[in-house]
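Report on the structure given below.
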Amino acid sequence: MIEATGLRKSYRVGRGRSAGTVEAVRGVDFAVARGEIVGFLGPNGAGKSTTMRMLATLIRPDGGRATIAGVDLLRAPAQVRRQIGFVAQASGTYDDSTARRDLVLQARLYGFGKAEAQRRAEAAIGAFQLGDFADRRIRTYSGGQRRRLDVALGVIHSPQVIFLDEPTAGLDPPSRVRMWQEVRRLRAEGMTVFLTTHYLDEADTLCDRVSIIDGGLIVAEGTPSDLKREISGDVVAVDLNRAGVVDDVTDNDLPVATKLLTEQPYVHSSEVVDGTLRLYVDSAATAIPQIMRTLLGRGIEPGAIEARRPSLDDVFLAKTGRSLEE
Amino acid sequence: MKLVRDTWLIFQQEVGLMVRNPVMVAFSLAQPITYLVLFAPFLKVVMVDRGASSYADAYRIYVPGLFVAMGLFGGLFAGYGLLSALRAGIIDRCRVTPVSRTALLLGRALMHVCLNVVQAVIITLVALPFGLRVHLGNLLISYALLSVMVLLSTSISYDIALLVRNENSLGVLVNTVGQPISLLAGVLIPLVLAPLWIQQVAVWNPFAWATNGMRALFNGQIGQPVVWQGALIMIGLAAVSLVWSSHLFNREVS
């Protein structure tokens, strides 16, 4: 449904002598099949939104090519627009308008006549459960209600592909879960969903496939479970923040412990995040006693040891050397 | 045809939003009405040697100037609305649809034209009890001239807004540009009272031509060349500026 190769975009920033270019997207390749929910996961400024805005015909790529629903993005953007819906991060509605007015207008902008636009607005109000407030001013809506309206506007013309830029950013947990249900419903209705997110749980539970993007490049791609399986084994997090000092070892435990444990044969690799040492091991069950023994042998008493399955954050960390949760 | 339909859709939406905020429209009339009531009487005294012997004369001179001032500044501040719509993602939401890009701009500009004509009608009505009398046909032509002028000032504002892309710079630029233009158009005191060098500079101010044309209309002198000259200048510049702002607006995407 979406095929992109080598998409690139850079921006000029600053003026005069301090002017330079920022390469927002440095050549990304990916494909999305019909009926998939695919997510771009990455920190702010990774190039997620820029990629999406290129695909949604809002900005022109500097290079590369893409086809959406079989239509060439660069050659026929007008045709692409009929096949896609786009929900931006910024809501895109006037405070003084109402859901119904905006839905009718949006349908009419897609070329539908008055009666058909009203019928579609009515259907969207039903489907997204906007009925209780559809004729109130949008400024009175809650964050979740506003976001549901945004998505309803994006799909008013029943597109084949819907782009959602950070669909749940800033929403409270119940509203997020509700939005996930809406996204799954759209897929059940036959739409292909492409979204960006910086939430790990969103990528994990909602997306069939995830592309991890950082610094304008895709660094990993696959189903959430495949990506996590690439990080073989388990993760043991050793918290040294509250470590008590038994002997006369200095309080500079972290580098010592890091060096010590990384040298152990049962540790594949390690990362330090916020004073916590993350160790990648085959099996947490057998590694934890050995870790304890090793640390205590040097007089280091860890504050806490936790074993868990790898998360998408571990994948991100392994690929980029940084944590998404920082 | 599509351009007309889409412009009409955007125009309807923008007018609908304005109608939902009648308080804002009322507030925007406070300043012009203050000038109408408290400033125009000065002109009767100042212009006594220039044929203003009554309040009716003073208002015949002042009301066209007030139209130009309102049309100029009302339009010049339109860029704020465009910037906030851009920031709120409203423009993006429309740009992903097949809607005509030019219509997104034109529909908004026409809303400002409509707003300014409504304000001008209210000002005319308020001026009637003070003795303003003007031929209906000439009045309607003045409204038409005002409409073209608002289209020009609005698109100038859009040009600036799309170039600087930030409200603060827009505000500074609009005031810096608007102030001399309005004074050099003689919107407060007619240019006939100005020193010669001001008059010579004002010849290069398109809005001065429009003001003079509008004053001629209010004087019942529709045959004066400045009427069609002013109109032609406004139409020509409005067309150029609209094409330019539409180019700026569309340059990122086809």
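FYI, nothing fancy with the structure tokens labels: chains A, B, ... in order, residues from 1 per chain, ligands from 1 as they appear.
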
Chain B contacts on chain A, only C-alpha atoms, 9 Å, as an MDAnalysis selection string = chainID A and resid 56:60 77:79 81:82 84:94 96:97 101:102 105:106 108:111 153:154

Leaving out Arg108 (chain B) and any residue of its chain fewer than 3 positions from it, which residues lie within 8 Å of it when counting only C-alpha atoms, given as a list in words?
->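 Here the answer would be Ile10, Phe11, Glu14, Leu104, Leu105, Met111 and His112 of chain B.
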
Extract the full set of alpha helix (DSSP H) residues from region 177-319 of chain A according to DSSP on the backbone, and format it as number ranges by chain.
-> A: 177-188, 200-206, 224-230, 253-262, 284-297, 312-319

Do a neighbour search on Val134 (chain B) at 9 Å with only C-alpha atoms, toss out local chain neighbours closer than 5 positions, and write the hits as a list in words.
->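 The residues that qualify are Arg60, Leu139, Leu217, Phe218, Asn219 and Gly220 of chain B.
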
I need the residues from that last selection saved to file as a tab-separated table (two decimals), in the first residue's frame (with N, CA and C atoms), if you can.
chain	number	residue	atom	x	y	z
B	60	ARG	N	-18.76	64.23	4.84
B	60	ARG	CA	-18.55	63.80	3.45
B	60	ARG	C	-17.06	63.67	3.17
B	139	LEU	N	-22.35	55.57	-3.42
B	139	LEU	CA	-22.00	54.87	-2.19
B	139	LEU	C	-21.64	53.41	-2.50
B	217	LEU	N	-16.29	60.36	-5.08
B	217	LEU	CA	-17.58	59.66	-5.14
B	217	LEU	C	-18.54	60.22	-4.10
B	218	PHE	N	-18.03	60.45	-2.89
B	218	PHE	CA	-18.90	60.98	-1.84
B	218	PHE	C	-19.35	62.41	-2.16
B	219	ASN	N	-18.54	63.11	-2.98
B	219	ASN	CA	-18.89	64.47	-3.40
B	219	ASN	C	-19.84	64.48	-4.58
B	220	GLY	N	-20.19	63.29	-5.06
B	220	GLY	CA	-21.07	63.20	-6.21
B	220	GLY	C	-20.36	63.47	-7.52

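Those residues that approach Leu312 (chain A) to within 9 Å, counting only C-alpha atoms, are A:Leu200, A:Asp201, A:Ala203, A:Asp204, A:Pro224, A:Ser225, A:Leu227, A:Lys228, A:Leu317; same-chain residues fewer than 5 positions away are not listed.
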
Can you list, as a VMD selection string, every protein, DNA or RNA residue that comes within 6 Å of Ile2 (chain A) when you count only C-alpha atoms, leaving out same-chain residues fewer than 5 positions away?
-> chain A and resid 31 to 32 67 to 68

Save the residues we just selected, N, CA and C atoms, as a compact mmCIF listing (two decimals), in the first residue's frame?
# COMPACT_ATOMS: atom_id res chain seq x y z
N ALA A 31 8.12 -0.37 3.52
CA ALA A 31 6.91 -0.76 2.79
C ALA A 31 5.84 -1.11 3.81
N VAL A 32 4.63 -0.76 3.48
CA VAL A 32 3.49 -1.07 4.34
C VAL A 32 2.47 -1.82 3.50
N THR A 67 5.36 5.35 -3.62
CA THR A 67 4.03 5.17 -4.19
C THR A 67 3.08 4.84 -3.06
N ILE A 68 1.88 5.41 -3.15
CA ILE A 68 0.85 5.16 -2.15
C ILE A 68 -0.39 4.70 -2.89

Which one is closest to Met52 (chain A): A:Leu164, A:Asp29, A:Gly6, A:Leu73? Count only C-alpha atoms.
-> A:Leu164

Spatial neighbours of Gly79 (chain B), 8 Å, only C-alpha atoms, chain gap at least 5 places, as number ranges by chain = B: 154, 157-158, 160-161, 170

So that I can see what lies close to region 179-182 of chain B, please list as a tab-separated table (two decimals) with N, CA and C atoms, in the first residue's frame the residues with an atom at most 12 Å from it, counting only C-alpha atoms and leaving out residues fewer than 4 positions away in the same chain.
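out-v7.tsv was written with the following content:
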chain	number	residue	atom	x	y	z
B	65	GLY	N	-12.31	58.76	4.13
B	65	GLY	CA	-10.99	58.55	4.73
B	65	GLY	C	-11.03	57.44	5.76
B	66	LEU	N	-12.12	57.41	6.52
B	66	LEU	CA	-12.27	56.38	7.53
B	66	LEU	C	-12.39	54.99	6.88
B	67	PHE	N	-13.12	54.94	5.78
B	67	PHE	CA	-13.22	53.66	5.03
B	67	PHE	C	-11.82	53.16	4.66
B	68	VAL	N	-11.01	54.08	4.12
B	68	VAL	CA	-9.68	53.68	3.67
B	68	VAL	C	-8.85	53.21	4.86
B	69	ALA	N	-8.92	53.97	5.98
B	69	ALA	CA	-8.13	53.58	7.15
B	69	ALA	C	-8.55	52.20	7.64
B	70	MET	N	-9.86	51.97	7.70
B	70	MET	CA	-10.35	50.68	8.17
B	70	MET	C	-9.98	49.56	7.20
B	71	GLY	N	-10.14	49.86	5.92
B	71	GLY	CA	-9.82	48.85	4.91
B	71	GLY	C	-8.34	48.51	4.91
B	72	LEU	N	-7.52	49.56	5.10
B	72	LEU	CA	-6.07	49.35	5.09
B	72	LEU	C	-5.64	48.52	6.30
B	73	PHE	N	-6.01	48.99	7.50
B	73	PHE	CA	-5.53	48.28	8.69
B	73	PHE	C	-6.27	46.96	8.91
B	76	LEU	N	-4.48	44.70	6.70
B	76	LEU	CA	-3.08	44.46	7.06
B	76	LEU	C	-2.93	43.51	8.25
B	153	SER	N	-4.90	45.08	0.69
B	153	SER	CA	-4.20	45.15	1.99
B	153	SER	C	-4.13	43.76	2.63
B	171	GLY	N	3.51	42.11	13.22
B	171	GLY	CA	2.95	43.28	13.87
B	171	GLY	C	3.80	44.52	13.66
B	172	VAL	N	5.11	44.35	13.84
B	172	VAL	CA	6.03	45.49	13.68
B	172	VAL	C	5.99	46.00	12.24
B	173	LEU	N	6.08	45.07	11.29
B	173	LEU	CA	6.12	45.46	9.88
B	173	LEU	C	4.82	46.14	9.45
B	174	VAL	N	3.70	45.58	9.90
B	174	VAL	CA	2.41	46.11	9.49
B	174	VAL	C	2.23	47.54	10.00
B	175	ASN	N	2.65	47.77	11.26
B	175	ASN	CA	2.53	49.12	11.79
B	175	ASN	C	3.47	50.08	11.09
B	186	GLY	N	-3.91	60.68	3.37
B	186	GLY	CA	-4.80	61.73	3.84
B	186	GLY	C	-6.08	61.20	4.45
B	187	VAL	N	-5.97	60.07	5.16
B	187	VAL	CA	-7.20	59.51	5.71
B	187	VAL	C	-7.73	60.36	6.86
B	188	LEU	N	-6.83	61.03	7.59
B	188	LEU	CA	-7.28	61.87	8.69
B	188	LEU	C	-7.59	63.29	8.20
B	189	ILE	N	-6.54	63.92	7.68
B	189	ILE	CA	-6.67	65.28	7.14
B	189	ILE	C	-6.41	65.18	5.64
B	190	PRO	N	-7.31	65.68	4.82
B	190	PRO	CA	-7.11	65.56	3.37
B	190	PRO	C	-5.79	66.17	2.92
B	191	LEU	N	-5.24	65.58	1.88
B	191	LEU	CA	-3.92	65.99	1.41
B	191	LEU	C	-3.89	67.42	0.88
B	198	ILE	N	4.79	66.87	0.85
B	198	ILE	CA	3.98	65.71	1.25
B	198	ILE	C	3.08	65.31	0.09
B	201	VAL	N	5.08	63.45	-2.45
B	201	VAL	CA	5.35	62.06	-2.06
B	201	VAL	C	4.09	61.22	-2.21
B	202	ALA	N	2.96	61.81	-1.81
B	202	ALA	CA	1.71	61.06	-1.79
B	202	ALA	C	1.27	60.61	-3.18
B	203	VAL	N	1.78	61.29	-4.21
B	203	VAL	CA	1.42	60.88	-5.58
B	203	VAL	C	1.82	59.43	-5.81
B	204	TRP	N	2.85	58.99	-5.09
B	204	TRP	CA	3.33	57.62	-5.26
B	204	TRP	C	2.64	56.62	-4.34
B	205	ASN	N	1.70	57.11	-3.55
B	205	ASN	CA	0.99	56.22	-2.64
B	205	ASN	C	-0.33	55.77	-3.27
B	206	PRO	N	-0.42	54.51	-3.64
B	206	PRO	CA	-1.65	54.05	-4.31
B	206	PRO	C	-2.90	54.30	-3.47
B	207	PHE	N	-2.75	54.20	-2.15
B	207	PHE	CA	-3.93	54.37	-1.29
B	207	PHE	C	-4.40	55.82	-1.28
B	208	ALA	N	-3.48	56.78	-1.61
B	208	ALA	CA	-3.91	58.17	-1.72
B	208	ALA	C	-4.85	58.33	-2.91
B	209	TRP	N	-4.55	57.63	-3.99
B	209	TRP	CA	-5.42	57.67	-5.18
B	209	TRP	C	-6.80	57.11	-4.83
B	210	ALA	N	-6.79	56.00	-4.09
B	210	ALA	CA	-8.06	55.39	-3.72
B	210	ALA	C	-8.85	56.32	-2.81
B	211	THR	N	-8.16	56.97	-1.87
B	211	THR	CA	-8.85	57.89	-0.96
B	211	THR	C	-9.46	59.05	-1.74

Find the residue from B:Asn138, B:Ser245, B:Ser155, B:Gln200 that sits nearest to Gln221 (chain B); use only C-alpha atoms when measuring.
->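 Checking each of B:Asn138, B:Ser245, B:Ser155, B:Gln200 against Gln221 (chain B), counting only C-alpha atoms, the winner is B:Asn138.
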